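A.B. asks: CSV, C-alpha atoms and all ligand atoms, file query.csv:
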```csv
chain,number,residue,atom,x,y,z
A,1,MET,CA,20.5,-5.5,-2.8
A,2,THR,CA,19.1,-5.4,-6.3
A,3,LYS,CA,17.6,-2.1,-7.4
A,4,ILE,CA,13.8,-1.8,-7.8
A,5,ARG,CA,13.1,-1.5,-11.5
A,6,ILE,CA,10.2,0.8,-12.6
A,7,GLY,CA,9.0,0.2,-16.1
A,8,ILE,CA,7.4,3.1,-17.9
A,9,LEU,CA,5.2,2.6,-21.0
A,10,ALA,CA,7.1,4.5,-23.6
A,11,LEU,CA,4.8,4.5,-26.6
A,12,GLN,CA,4.0,8.2,-26.5
A,13,GLY,CA,3.8,11.1,-24.0
A,14,ALA,CA,5.8,12.4,-21.0
A,15,VAL,CA,8.1,9.5,-20.4
A,16,GLN,CA,11.6,11.0,-19.8
A,17,PRO,CA,10.6,13.5,-17.0
A,18,HIS,CA,10.0,10.5,-14.7
A,19,LYS,CA,13.6,9.5,-14.8
A,20,ALA,CA,15.1,11.9,-12.3
A,21,HIS,CA,12.3,11.2,-9.7
A,22,ILE,CA,12.7,7.4,-10.0
A,23,GLU,CA,16.5,7.6,-9.8
A,24,ALA,CA,16.3,10.0,-6.8
A,25,LEU,CA,14.5,7.2,-5.0
A,26,GLY,CA,17.3,4.8,-5.8
A,27,CYS,CA,15.3,2.9,-8.4
A,28,GLU,CA,16.0,2.1,-12.1
A,29,PHE,CA,14.0,3.8,-14.8
A,30,VAL,CA,13.1,1.3,-17.6
A,31,PRO,CA,11.2,2.6,-20.7
A,32,VAL,CA,9.2,-0.3,-22.2
A,33,LYS,CA,7.5,-0.5,-25.5
A,34,SER,CA,7.5,-4.1,-26.8
A,35,ALA,CA,5.5,-7.1,-25.5
A,36,GLU,CA,8.9,-8.7,-24.6
A,37,GLN,CA,10.0,-5.7,-22.6
A,38,ILE,CA,6.6,-5.5,-20.8
A,39,SER,CA,6.8,-9.2,-20.0
A,40,ASP,CA,10.2,-8.8,-18.3
A,41,PRO,CA,9.7,-10.5,-14.9
A,42,SER,CA,12.4,-8.3,-13.3
A,43,LEU,CA,10.2,-5.2,-13.5
A,44,ASN,CA,8.7,-4.4,-10.1
A,45,ALA,CA,6.0,-1.9,-11.2
A,46,MET,CA,4.8,0.2,-14.2
A,47,ILE,CA,4.0,3.8,-14.8
A,48,LEU,CA,1.5,4.7,-17.5
A,49,PRO,CA,2.5,8.2,-18.4
A,50,GLY,CA,0.6,11.4,-19.4
A,51,GLY,CA,0.0,12.1,-23.1
A,52,GLU,CA,-3.0,11.3,-25.2
A,53,SER,CA,-5.0,8.2,-24.1
A,54,SER,CA,-6.7,7.6,-27.4
A,55,THR,CA,-3.3,7.6,-29.2
A,56,MET,CA,-1.8,5.2,-26.6
A,57,LEU,CA,-4.8,2.9,-27.0
A,58,LYS,CA,-4.2,2.9,-30.8
A,59,LEU,CA,-0.5,2.1,-30.3
A,60,ILE,CA,-1.3,-0.7,-27.8
A,61,SER,CA,-3.6,-2.3,-30.3
A,62,THR,CA,-1.2,-1.8,-33.3
A,63,PHE,CA,1.7,-3.4,-31.5
A,64,ASN,CA,-0.5,-6.1,-29.9
A,65,LEU,CA,0.5,-5.2,-26.3
A,66,GLU,CA,-2.8,-5.7,-24.7
A,67,SER,CA,-2.3,-9.2,-23.2
A,68,ALA,CA,1.2,-8.5,-22.0
A,69,LEU,CA,-0.1,-5.3,-20.3
A,70,LYS,CA,-3.0,-7.2,-18.7
A,71,ASN,CA,-0.7,-9.8,-17.4
A,72,PHE,CA,1.5,-7.2,-15.9
A,73,PHE,CA,-1.4,-5.3,-14.4
A,74,ASP,CA,-2.7,-8.5,-12.7
A,75,SER,CA,0.5,-9.1,-10.8
A,76,ARG,CA,2.3,-5.8,-10.1
A,77,PRO,CA,1.8,-2.2,-9.0
A,78,VAL,CA,0.7,0.3,-11.6
A,79,TRP,CA,0.5,4.1,-11.5
A,80,GLY,CA,-1.4,6.1,-14.2
A,81,VAL,CA,-0.6,9.8,-14.8
A,82,CYS,CA,-3.3,11.9,-16.5
A,83,ALA,CA,-3.8,10.0,-19.9
A,84,GLY,CA,-2.5,6.9,-17.9
A,85,SER,CA,-5.2,7.5,-15.4
A,86,ILE,CA,-7.8,7.4,-18.2
A,87,LEU,CA,-6.5,4.0,-19.2
A,88,MET,CA,-6.9,2.7,-15.6
A,89,ALA,CA,-10.4,3.9,-15.0
A,90,ARG,CA,-13.5,1.7,-14.8
A,91,HIS,CA,-15.3,3.7,-17.5
A,92,VAL,CA,-14.6,6.6,-19.7
A,93,LEU,CA,-17.7,8.8,-19.6
A,94,GLU,CA,-19.4,10.4,-22.6
A,95,GLN,CA,-17.2,8.6,-25.1
A,96,GLN,CA,-16.7,5.2,-26.6
A,97,GLN,CA,-13.2,4.7,-25.3
A,98,LYS,CA,-11.8,1.5,-23.9
A,99,SER,CA,-10.1,1.3,-20.5
A,100,PHE,CA,-8.4,-1.4,-18.5
A,101,ALA,CA,-10.8,-1.0,-15.5
A,102,LEU,CA,-8.1,-1.4,-12.8
A,103,MET,CA,-9.6,0.9,-10.2
A,104,GLU,CA,-13.1,1.9,-9.1
A,105,TYR,CA,-13.6,5.3,-10.6
A,106,ASP,CA,-15.0,6.7,-13.8
A,107,VAL,CA,-13.3,9.5,-15.8
A,108,LEU,CA,-14.3,12.4,-17.9
A,109,ARG,CA,-11.6,13.4,-20.4
A,110,ASN,CA,-10.6,17.0,-20.8
A,111,ALA,CA,-13.0,18.0,-18.1
A,112,TYR,CA,-11.5,21.4,-17.3
A,113,GLY,CA,-12.5,22.7,-20.8
A,114,SER,CA,-10.4,24.3,-23.5
A,115,GLN,CA,-10.0,27.8,-21.9
A,116,LEU,CA,-8.5,26.3,-18.8
A,117,GLU,CA,-6.4,23.7,-20.6
A,118,SER,CA,-3.5,23.9,-18.1
A,119,PHE,CA,-3.1,25.2,-14.6
A,120,GLU,CA,-0.8,24.8,-11.6
A,121,THR,CA,-1.9,24.7,-8.0
A,122,LYS,CA,-0.9,23.6,-4.5
A,123,LEU,CA,-2.7,20.6,-2.9
A,124,SER,CA,-2.7,19.8,0.8
A,125,ASN,CA,0.1,17.3,0.3
A,126,VAL,CA,1.6,18.3,-3.0
A,127,GLU,CA,3.6,21.5,-3.4
A,128,ARG,CA,3.0,22.0,-7.1
A,129,ALA,CA,0.4,20.0,-9.0
A,130,VAL,CA,0.4,20.6,-12.8
A,131,PHE,CA,-2.8,19.9,-14.6
A,132,ILE,CA,-2.6,19.7,-18.5
A,133,ARG,CA,-5.9,19.0,-20.2
A,134,ALA,CA,-6.7,17.0,-17.2
A,135,PRO,CA,-9.5,14.4,-16.7
A,136,GLN,CA,-11.8,14.4,-13.7
A,137,PHE,CA,-12.5,11.4,-11.6
A,138,THR,CA,-16.1,10.6,-10.6
A,139,ASN,CA,-18.1,7.7,-9.0
A,140,VAL,CA,-15.1,6.9,-6.8
A,141,GLY,CA,-15.8,3.5,-5.2
A,142,PRO,CA,-15.6,2.6,-1.5
A,143,GLN,CA,-12.4,0.6,-1.9
A,144,VAL,CA,-10.6,3.7,-3.2
A,145,GLU,CA,-8.6,6.0,-1.0
A,146,VAL,CA,-8.6,9.7,-1.9
A,147,MET,CA,-5.0,11.0,-1.3
A,148,ALA,CA,-5.6,14.5,-2.5
A,149,SER,CA,-8.4,16.7,-3.9
A,150,CYS,CA,-8.5,20.0,-5.8
A,151,GLU,CA,-11.7,22.1,-5.5
A,152,ASN,CA,-13.5,19.2,-3.9
A,153,LYS,CA,-12.6,16.8,-6.8
A,154,ALA,CA,-10.4,13.8,-6.1
A,155,VAL,CA,-7.1,14.1,-8.1
A,156,TRP,CA,-4.9,11.5,-6.5
A,157,LEU,CA,-6.3,8.0,-5.7
A,158,THR,CA,-5.0,4.7,-4.5
A,159,GLN,CA,-6.6,1.3,-4.4
A,160,GLY,CA,-4.4,-1.6,-3.3
A,161,LYS,CA,-1.4,-1.9,-5.6
A,162,TYR,CA,-2.8,0.7,-8.0
A,163,MET,CA,-2.4,4.5,-8.0
A,164,THR,CA,-3.7,7.3,-10.2
A,165,THR,CA,-3.2,11.0,-10.5
A,166,SER,CA,-5.0,13.4,-12.9
A,167,PHE,CA,-2.1,15.8,-12.7
A,168,HIS,CA,1.6,15.5,-13.7
A,169,PRO,CA,3.9,14.9,-10.6
A,170,GLU,CA,6.9,14.3,-13.0
A,171,LEU,CA,6.7,18.0,-13.8
A,172,SER,CA,7.1,19.0,-10.2
A,173,THR,CA,10.2,21.0,-9.2
A,174,ARG,CA,10.5,18.8,-6.1
A,175,VAL,CA,12.6,15.8,-6.9
A,176,PRO,CA,11.5,13.2,-6.0
A,177,SER,CA,7.9,14.4,-6.1
A,178,GLU,CA,5.5,13.5,-3.3
A,179,CYS,CA,3.7,11.1,-5.6
A,180,HIS,CA,6.8,9.3,-6.8
A,181,ASP,CA,7.9,8.9,-3.2
A,182,TYR,CA,4.5,7.5,-2.1
A,183,PHE,CA,4.3,5.1,-5.1
A,184,ILE,CA,7.7,3.6,-4.5
A,185,ASN,CA,7.9,3.6,-0.7
A,186,GLU,CA,4.3,2.9,0.2
A,187,ILE,CA,3.0,0.9,-2.8
A,188,VAL,CA,5.8,-0.8,-4.8
A,189,LYS,CA,7.9,-1.8,-1.7
A,190,LYS,CA,4.8,-3.1,0.1
A,191,ASN,CA,3.2,-5.1,-2.7
B,201,LIG,N1,-6.4,14.9,-22.5
B,201,LIG,C1,-5.6,13.8,-22.6
B,201,LIG,C2,-6.4,12.5,-22.8
B,201,LIG,O1,-7.6,12.6,-22.9
B,201,LIG,C3,-4.8,13.7,-21.3
B,201,LIG,C4,-3.8,14.8,-21.1
B,201,LIG,C5,-2.6,14.5,-20.4
B,201,LIG,O2,-2.2,13.4,-20.2
B,201,LIG,N2,-1.9,15.6,-20.0
B,201,LIG,O3,-5.8,11.5,-23.0
```
Take the structure in the file and give it back as structure tokens.
C.D. replies:
Amino acid sequence: MTKIRIGILALQGAVQPHKAHIEALGCEFVPVKSAEQISDPSLNAMILPGGESSTMLKLISTFNLESALKNFFDSRPVWGVCAGSILMARHVLEQQQKSFALMEYDVLRNAYGSQLESFETKLSNVERAVFIRAPQFTNVGPQVEVMASCENKAVWLTQGKYMTTSFHPELSTRVPSECHDYFINEIVKKN
């Protein structure tokens, strides 16, 4: 059987830490940065990593990747981590920042404030969730399933072939992380 190939947008941010999780699930880790690589029909899904969403958007525009990404998003599963989750949101609140509007939630960037830039916590179904200048999800639509919350705020969402987390599962000490496992076994394999 051919291996499932997971593309990861490698313009900026936390790309490499996903490798061990993806490989632990028997899949291939494929960093992508050009329109040609993004358009590879043999990729089964894509991860938009954590980093800085405004910088990623600038690089997407500089390298003219928008239409290749949109074509990919229309046809295959996508998971956004932190900055990636900002790119997937319907609207970015309180800022003029574009997003691809793949899922029904709005997002507030850096919502935990500067004094609490980073923290780690346990969620009901995640042993160690690492939040780094994390966004908050709001106005979560009826089609969206909340997979996990932290202090009554949704932090892990799914909607059909799309998944989003405001924290960084690739920094989990559990390999594969609960979220990588769910994305590949419940979303990628079933879509
Ligand atoms: N604060 C970043 C942003 O607005 C996201 C941080 C992260 O990905 N860890 O894009």
A.B. asks: Once you count all atoms listed in the file, what closest atom pair and distance in Å to one decimal does each residue of chain A within 10 Å of ligand LIG 201 (chain B) have, with rows by chain and rising residue number, as a tab-separated table?
C.D. replies:
```
residue	atom	partner	partner_atom	distance
A:Gly13	CA	B:LIG201	O2	7.5
A:Ala14	CA	B:LIG201	O2	8.1
A:Leu48	CA	B:LIG201	O2	9.8
A:Pro49	CA	B:LIG201	O2	7.2
A:Gly50	CA	B:LIG201	O2	3.5
A:Gly51	CA	B:LIG201	O2	3.9
A:Glu52	CA	B:LIG201	O3	3.6
A:Ser53	CA	B:LIG201	O3	3.6
A:Ser54	CA	B:LIG201	O3	5.9
A:Thr55	CA	B:LIG201	O3	7.7
A:Met56	CA	B:LIG201	O3	8.3
A:Leu57	CA	B:LIG201	O3	9.5
A:Gly80	CA	B:LIG201	O2	9.5
A:Val81	CA	B:LIG201	O2	6.7
A:Cys82	CA	B:LIG201	O2	4.1
A:Ala83	CA	B:LIG201	O2	3.8
A:Gly84	CA	B:LIG201	O2	6.9
A:Ser85	CA	B:LIG201	O2	8.2
A:Ile86	CA	B:LIG201	O3	6.6
A:Leu87	CA	B:LIG201	O3	8.4
A:Val92	CA	B:LIG201	O1	9.8
A:Gln97	CA	B:LIG201	O1	10.0
A:Val107	CA	B:LIG201	O1	9.6
A:Leu108	CA	B:LIG201	O1	8.4
A:Arg109	CA	B:LIG201	O1	4.8
A:Asn110	CA	B:LIG201	N1	5.0
A:Ala111	CA	B:LIG201	N1	8.5
A:Tyr112	CA	B:LIG201	N1	9.8
A:Glu117	CA	B:LIG201	N1	9.0
A:Ser118	CA	B:LIG201	N2	8.7
A:Val130	CA	B:LIG201	N2	9.1
A:Phe131	CA	B:LIG201	N2	7.0
A:Ile132	CA	B:LIG201	N2	4.4
A:Arg133	CA	B:LIG201	N1	4.7
A:Ala134	CA	B:LIG201	C4	5.3
A:Pro135	CA	B:LIG201	N1	6.6
A:Ser166	CA	B:LIG201	O2	7.8
A:Phe167	CA	B:LIG201	N2	7.3
A:His168	CA	B:LIG201	N2	7.2
```
A.B. asks: Here is a test: counting only C-alpha atoms, which residue of A:Glu120, A:Glu178, A:Glu23, A:Glu66 is nearest to A:Met147?
C.D. replies: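 Once distances to A:Met147 are computed over only C-alpha atoms, the minimum belongs to A:Glu178.
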A.B. asks: If we count only C-alpha atoms, what is near A:Gln159 at a cut-off of 10 Å, once residues fewer than 6 positions away on the same chain are taken out, given as a list of chain:residue names?
C.D. replies: A:Leu102, A:Met103, A:Glu104, A:Gly141, A:Pro142, A:Gln143, A:Val144, A:Glu145, A:Val146, A:Ile187
A.B. asks: Hey, which of A:Ala45, A:Cys179, A:Leu59, A:Ala24 ends up closest to A:Ile4? Count all atoms listed in the file.
C.D. replies: A:Ala45
A.B. asks: Can you work out which one of A:Leu25, A:Cys150, A:Val188, A:Leu11 has the shortest atom-to-atom distance to A:Trp79, counting all atoms listed in the file?
C.D. replies: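 Closest residue, counting all atoms listed in the file: A:Val188.
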A.B. asks: Quick one: pull the distance between atom CA of A:Ile184 and atom CA of A:Ile6, Å, one decimal.
C.D. replies: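 Rounded to one decimal, the two atoms are 8.9 Å apart.
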A.B. asks: Would you kindly identify which residues have an atom no farther than 9 Å from (9.9, 6.1, -17.2), using all atoms listed in the file and the file's own coordinates, and write them out as a ChimeraX atom specification?
C.D. replies: /A:6-10,14-19,22,28-32,46-49
A.B. asks: May I ask which of the residues A:Thr121, A:Asp40, A:Arg90, A:His21 is the closest one to A:Phe183, counting only C-alpha atoms?
C.D. replies: A:His21
A.B. asks: For atom CA of A:Val78 and atom CA of A:Thr164, quote the distance in Å rounded to one decimal.
C.D. replies: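 So the answer is 8.4 Å.
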A.B. asks: Please, what distance in Å, to one decimal, runs between atom CA of A:Ser99 and atom CA of A:Arg5?
C.D. replies: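 Those two atoms sit 25.0 Å apart.
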A.B. asks: Write out as a compact mmCIF listing (two decimals) with C-alpha atoms, in the frame of the given file which residues come within 12 Å of A:Glu186 when counting only C-alpha atoms, dropping same-chain ones fewer than 3 positions away.
C.D. replies:
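The resulting selection.txt:
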```txt
# COMPACT_ATOMS: atom_id res chain seq x y z
CA PRO A 77 1.80 -2.20 -9.00
CA THR A 158 -5.00 4.70 -4.50
CA GLN A 159 -6.60 1.30 -4.40
CA GLY A 160 -4.40 -1.60 -3.30
CA LYS A 161 -1.40 -1.90 -5.60
CA TYR A 162 -2.80 0.70 -8.00
CA MET A 163 -2.40 4.50 -8.00
CA GLU A 178 5.50 13.50 -3.30
CA CYS A 179 3.70 11.10 -5.60
CA HIS A 180 6.80 9.30 -6.80
CA ASP A 181 7.90 8.90 -3.20
CA TYR A 182 4.50 7.50 -2.10
CA PHE A 183 4.30 5.10 -5.10
CA LYS A 189 7.90 -1.80 -1.70
CA LYS A 190 4.80 -3.10 0.10
CA ASN A 191 3.20 -5.10 -2.70
```
A.B. asks: I'd like to know which of A:Met88, A:Ile38, A:Ile60, A:Ala129 is closest to A:Thr173, using only C-alpha atoms.
C.D. replies: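 Looking at the shortest contact to A:Thr173, the residue is A:Ala129.
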A.B. asks: Determine the nearest neighbour of A:Asn44 from the options A:Ala68, A:Leu157, A:Ala89, A:Cys27, counting all atoms listed in the file.
C.D. replies: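 For A:Asn44, the nearest of the candidates is A:Cys27.
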A.B. asks: What's the 10 Å shell around A:Asn64, counting only C-alpha atoms, without same-chain residues fewer than 6 positions away, as a count of residues only?
C.D. replies: 3
A.B. asks: Just write stretch 67-111 of chain A with N, CA and C atoms, as a short mmCIF file (atom, residue, chain, number, x, y, z; two decimals), in the first residue's frame, taken from the block above.
C.D. replies:
```cif
data_model
loop_
_atom_site.label_atom_id
_atom_site.label_comp_id
_atom_site.auth_asym_id
_atom_site.auth_seq_id
_atom_site.Cartn_x
_atom_site.Cartn_y
_atom_site.Cartn_z
N SER A 67 -3.60 30.73 -5.32
CA SER A 67 -4.54 29.89 -6.07
C SER A 67 -4.19 28.40 -5.93
N ALA A 68 -2.91 28.08 -5.84
CA ALA A 68 -2.54 26.66 -5.62
C ALA A 68 -3.07 26.20 -4.26
N LEU A 69 -2.96 27.06 -3.25
CA LEU A 69 -3.47 26.69 -1.92
C LEU A 69 -4.99 26.52 -1.95
N LYS A 70 -5.68 27.47 -2.58
CA LYS A 70 -7.15 27.38 -2.63
C LYS A 70 -7.59 26.10 -3.32
N ASN A 71 -6.93 25.75 -4.40
CA ASN A 71 -7.28 24.49 -5.08
C ASN A 71 -7.08 23.31 -4.17
N PHE A 72 -5.98 23.33 -3.43
CA PHE A 72 -5.71 22.23 -2.49
C PHE A 72 -6.81 22.18 -1.43
N PHE A 73 -7.10 23.33 -0.83
CA PHE A 73 -8.08 23.38 0.27
C PHE A 73 -9.47 22.91 -0.17
N ASP A 74 -9.82 23.18 -1.45
CA ASP A 74 -11.13 22.76 -1.95
C ASP A 74 -11.26 21.24 -1.98
N SER A 75 -10.15 20.57 -2.19
CA SER A 75 -10.28 19.14 -2.48
C SER A 75 -9.73 18.21 -1.41
N ARG A 76 -8.96 18.70 -0.45
CA ARG A 76 -8.33 17.77 0.49
C ARG A 76 -8.33 18.27 1.94
N PRO A 77 -8.14 17.35 2.89
CA PRO A 77 -8.14 17.73 4.31
C PRO A 77 -7.03 18.72 4.65
N VAL A 78 -7.34 19.62 5.58
CA VAL A 78 -6.38 20.63 6.02
C VAL A 78 -6.48 20.77 7.53
N TRP A 79 -5.34 20.91 8.18
CA TRP A 79 -5.28 21.16 9.62
C TRP A 79 -4.43 22.41 9.85
N GLY A 80 -4.99 23.39 10.53
CA GLY A 80 -4.24 24.61 10.87
C GLY A 80 -3.87 24.60 12.34
N VAL A 81 -2.60 24.85 12.62
CA VAL A 81 -2.09 24.92 13.99
C VAL A 81 -1.80 26.38 14.31
N CYS A 82 -2.42 26.91 15.34
CA CYS A 82 -2.14 28.26 15.84
C CYS A 82 -2.14 29.30 14.71
N ALA A 83 -1.02 29.79 14.22
CA ALA A 83 -1.05 30.73 13.10
C ALA A 83 -1.83 30.13 11.93
N GLY A 84 -1.68 28.84 11.70
CA GLY A 84 -2.43 28.14 10.64
C GLY A 84 -3.93 28.21 10.89
N SER A 85 -4.32 28.17 12.17
CA SER A 85 -5.75 28.25 12.50
C SER A 85 -6.29 29.64 12.20
N ILE A 86 -5.41 30.64 12.27
CA ILE A 86 -5.81 32.02 11.94
C ILE A 86 -6.07 32.12 10.43
N LEU A 87 -5.25 31.41 9.65
CA LEU A 87 -5.45 31.42 8.19
C LEU A 87 -6.75 30.71 7.79
N MET A 88 -7.21 29.74 8.60
CA MET A 88 -8.41 28.97 8.24
C MET A 88 -9.71 29.62 8.69
N ALA A 89 -9.63 30.60 9.59
CA ALA A 89 -10.84 31.18 10.19
C ALA A 89 -11.70 31.92 9.17
N ARG A 90 -12.97 32.09 9.52
CA ARG A 90 -13.88 32.86 8.65
C ARG A 90 -13.49 34.33 8.66
N HIS A 91 -13.25 34.89 9.86
CA HIS A 91 -12.82 36.29 9.98
C HIS A 91 -11.75 36.42 11.04
N VAL A 92 -10.83 37.35 10.84
CA VAL A 92 -9.88 37.72 11.88
C VAL A 92 -10.46 38.99 12.52
N LEU A 93 -10.75 38.93 13.82
CA LEU A 93 -11.42 40.05 14.49
C LEU A 93 -10.43 41.14 14.87
N GLU A 94 -10.92 42.35 14.90
CA GLU A 94 -10.17 43.54 15.34
C GLU A 94 -8.95 43.85 14.48
N GLN A 95 -8.86 43.27 13.30
CA GLN A 95 -7.71 43.55 12.45
C GLN A 95 -8.10 43.39 11.00
N GLN A 96 -7.40 44.10 10.13
CA GLN A 96 -7.58 43.91 8.70
C GLN A 96 -6.64 42.80 8.29
N GLN A 97 -7.00 41.59 8.53
CA GLN A 97 -6.12 40.50 8.07
C GLN A 97 -6.96 39.49 7.33
N LYS A 98 -6.47 39.12 6.17
CA LYS A 98 -7.16 38.16 5.31
C LYS A 98 -7.15 36.77 5.90
N SER A 99 -8.11 35.96 5.49
CA SER A 99 -8.06 34.54 5.87
C SER A 99 -8.76 33.76 4.78
N PHE A 100 -8.57 32.43 4.80
CA PHE A 100 -9.12 31.60 3.73
C PHE A 100 -10.55 31.14 4.01
N ALA A 101 -11.08 31.45 5.21
CA ALA A 101 -12.48 31.14 5.55
C ALA A 101 -12.85 29.69 5.22
N LEU A 102 -12.08 28.75 5.74
CA LEU A 102 -12.39 27.34 5.49
C LEU A 102 -13.38 26.79 6.50
N MET A 103 -13.41 27.36 7.69
CA MET A 103 -14.27 26.83 8.75
C MET A 103 -15.08 27.96 9.37
N GLU A 104 -16.17 27.57 10.06
CA GLU A 104 -17.07 28.57 10.64
C GLU A 104 -16.66 28.94 12.06
N TYR A 105 -15.63 29.73 12.17
CA TYR A 105 -15.30 30.35 13.46
C TYR A 105 -14.55 31.64 13.15
N ASP A 106 -14.60 32.58 14.07
CA ASP A 106 -13.80 33.79 13.95
C ASP A 106 -12.65 33.67 14.95
N VAL A 107 -11.64 34.48 14.76
CA VAL A 107 -10.45 34.32 15.57
C VAL A 107 -9.94 35.67 16.05
N LEU A 108 -9.46 35.68 17.27
CA LEU A 108 -8.84 36.88 17.83
C LEU A 108 -7.37 36.53 18.06
N ARG A 109 -6.50 37.24 17.38
CA ARG A 109 -5.06 36.92 17.49
C ARG A 109 -4.51 37.34 18.86
N ASN A 110 -3.51 36.63 19.31
CA ASN A 110 -2.78 36.96 20.54
C ASN A 110 -3.73 37.25 21.70
N ALA A 111 -4.78 36.43 21.81
CA ALA A 111 -5.89 36.75 22.70
C ALA A 111 -5.56 36.56 24.18
#
```
